[in-house]
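Student: Dropping the structure in here first, questions after.
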Amino acid sequence: AGARKTNLSGIFLGGLTVQIVAFFTDVLMAYFPTPVLDDPVLGTPIHLLRWCEWCPCTFYMTFMMEGADLYWEGEVPPPDFLRQKYVHAATQGAAVFLGLCLSFCPGPKTWACVYITAMSMYFGNFQRLKSRYDAVPSSLKKGATVEEAERFNAANIALKLRFVCIFVWTILVVLFFATSIYGPNFSHEGSLLRSPEARMIAECFFDVLSKVLFLVTIVDVHHAIFDPFARTERRLEELRQLMSAVWETSSDVIAISVKTGSAGGASTMLSPAFFGMGRGQKQRRRNSFENSVRVNRGKSVLFQLENEAFEVVGRRENS
């Protein structure tokens, strides 16, 4: 029992930022005039505001995907572990930027060169997905430390996030090919693939879908990796399970305390014997110790202390 303090991590706030940027982009495109250019080669309309949204959001979403994947074998990460993450995120942001540049290409040759380069960068997602999928084992080895178990669980959630984003982004790439290249040149008259309105609706739908699924998975990543209070509770539960026999049957109150976060606070868990401390002497005699253990089995108290509480205690001791 006990209320857990909510801690907003950077990745959680970053996920909310992506949602806010996408929301205001959709509002501007729905209710205000926004710049639209015709593709110089395909002739299809291109909404520049949408591409301006995708450029930073794609980079940031990819970087958060990479930042959530913290699994490596051994005690220290490989030398190029972080560099690969920065390079991959920058590559995906550059791929979308090249897609924006398609509207300004002077001719078919330049357009084709930019398009092929952008698609080559985007397909790096699949190679990166495969490499990380192969790097994360299917199960954790026996005797793993708490830190290794947390990195392993976080990597599995990060793989889920990577699968979700790449799946929806691939739909957007296929949609661009179908409505900008195949539709205007090969589909029959009256087809939805020739309709700019249908293309606009489909882009908005899948863009919103990708952001929603991204935020849902980001919440899981936040609780699994970046929430210090959730990590503290998991460690307290592991300690409780290690000493479960003494924890459940001891007549003395057992307290397990773990430092929480970097601010100097602490989370403390009290054993079931805590619930019998307030009983009167007659009631203690009436209820045997075995009955008390049976009634209170599985119960515990979890509370958190901020670093200010320790400062108050220190001032009282010094006065």
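The chains in the structure tokens are called A, B, ... from first to last as shown; in each chain the residues are counted from 1, and the ligands are counted from 1 in the order shown.
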Residues within 12 Å of Phe205 in chain A, please, as a list in words. Count only C-alpha atoms; anything in the same chain fewer than 2 positions from it doesn't count.

Tutor: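 The contact residues come out as Ala22, Asp26, Val168, Trp169, Ile171, Leu172, Leu175, Ala198, Arg199, Met200, Ile201, Ala202, Glu203, Asp207, Val208, Leu209, Ser210, Lys211 and Val212 of chain A.
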
Student: Residues near range 38-40 of chain A, anyone? I mean within 9 Å using only C-alpha atoms, not counting same-chain ones fewer than 3 positions away, as a list in words.

Tutor: Gly43, Thr44, Pro45, Ile46, His47, Leu102, Ser103, Phe104, Cys105, Pro106, Gly107, Pro108 and Trp111 of chain A

Student: Can you check which parts of range 53-84 of chain A lie within 9 Å of range 119-138 of chain A? Per residue, the shortest pair of atoms and distance in Å to one decimal, counting only C-alpha atoms, sorted by chain and number, as JSON lines.

Tutor:
{"residue": "A:Asp69", "atom": "CA", "partner": "A:Arg132", "partner_atom": "CA", "distance": 8.5}
{"residue": "A:Tyr71", "atom": "CA", "partner": "A:Val136", "partner_atom": "CA", "distance": 6.9}
{"residue": "A:Trp72", "atom": "CA", "partner": "A:Ala135", "partner_atom": "CA", "distance": 7.7}
{"residue": "A:Glu73", "atom": "CA", "partner": "A:Ala135", "partner_atom": "CA", "distance": 8.7}

Student: Once you have the residues from the selection above, write them out as a PDB file, in the first residue's frame, restricted to N, CA, C and O atoms.

Tutor:
ATOM      1  N   ASP A  69      16.958   1.935 -25.719  1.00  0.00           N
ATOM      2  CA  ASP A  69      17.618   0.641 -25.875  1.00  0.00           C
ATOM      3  C   ASP A  69      18.998   0.721 -25.225  1.00  0.00           C
ATOM      4  O   ASP A  69      19.955   1.186 -25.830  1.00  0.00           O
ATOM      5  N   TYR A  71      20.651  -1.978 -23.705  1.00  0.00           N
ATOM      6  CA  TYR A  71      21.200  -3.303 -23.393  1.00  0.00           C
ATOM      7  C   TYR A  71      22.535  -3.512 -24.089  1.00  0.00           C
ATOM      8  O   TYR A  71      22.717  -3.160 -25.258  1.00  0.00           O
ATOM      9  N   TRP A  72      23.479  -4.061 -23.353  1.00  0.00           N
ATOM     10  CA  TRP A  72      24.751  -4.514 -23.910  1.00  0.00           C
ATOM     11  C   TRP A  72      25.271  -5.642 -23.040  1.00  0.00           C
ATOM     12  O   TRP A  72      24.882  -5.783 -21.879  1.00  0.00           O
ATOM     13  N   GLU A  73      26.129  -6.458 -23.596  1.00  0.00           N
ATOM     14  CA  GLU A  73      26.727  -7.553 -22.843  1.00  0.00           C
ATOM     15  C   GLU A  73      27.970  -7.059 -22.114  1.00  0.00           C
ATOM     16  O   GLU A  73      28.762  -6.308 -22.661  1.00  0.00           O
TER      17      GLU A  73
END

Student: Work out how far CA of Cys52 in chain A is from CA of Gln92 in chain A, in Å to one decimal.

Tutor: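 Atom-to-atom, CA of Gln92 in chain A and CA of Cys52 in chain A are spaced 13.9 Å apart.
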
Student: When you draw a straight line from CA of Ala90 in chain A to CA of Thr110 in chain A, how long is it in Å?

Tutor: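 According to the coordinates, CA of Ala90 in chain A and CA of Thr110 in chain A are separated by 22.1 Å.
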
Student: Write out as a ChimeraX atom specification all residues of range 90-184 of chain A that backbone DSSP assigns to alpha helix (DSSP H).

Tutor: /A:90-101,108-122,124-135,146-176,183-184

Student: Just give me the gap between CA of Leu8 in chain A and CA of His222 in chain A in Å, one decimal is fine.

Tutor: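 Distance between the two atoms: 8.3 Å.
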
Student: Nearest to Ile218 in chain A: which of A:Cys57, A:Ala94, A:Leu42, A:Val164 is it, counting only C-alpha atoms?

Tutor: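 Checking each of A:Cys57, A:Ala94, A:Leu42, A:Val164 against Ile218 in chain A, counting only C-alpha atoms, the winner is A:Val164.
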
Student: Which of these, A:Trp54, A:Phe63, A:Tyr115, A:Phe214, has the shortest distance to Phe177 in chain A once you count only C-alpha atoms?

Tutor: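 Of A:Trp54, A:Phe63, A:Tyr115, A:Phe214, the one nearest Phe177 in chain A, counting only C-alpha atoms, is A:Tyr115.
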
Student: Within 12 Å of Leu213 in chain A, counting only C-alpha atoms, which residues show up once you throw out same-chain ones fewer than 5 positions away? Write them as a list in words, please.

Tutor: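 My list of contacting residues is Gly15, Val18, Gln19, Met61, Lys160, Leu161, Arg162, Phe163, Val164, Cys165, Ile166, Phe167, Val168, Trp169, Phe206, Asp207, Val208, Ile218, Val219 and Asp220 of chain A.
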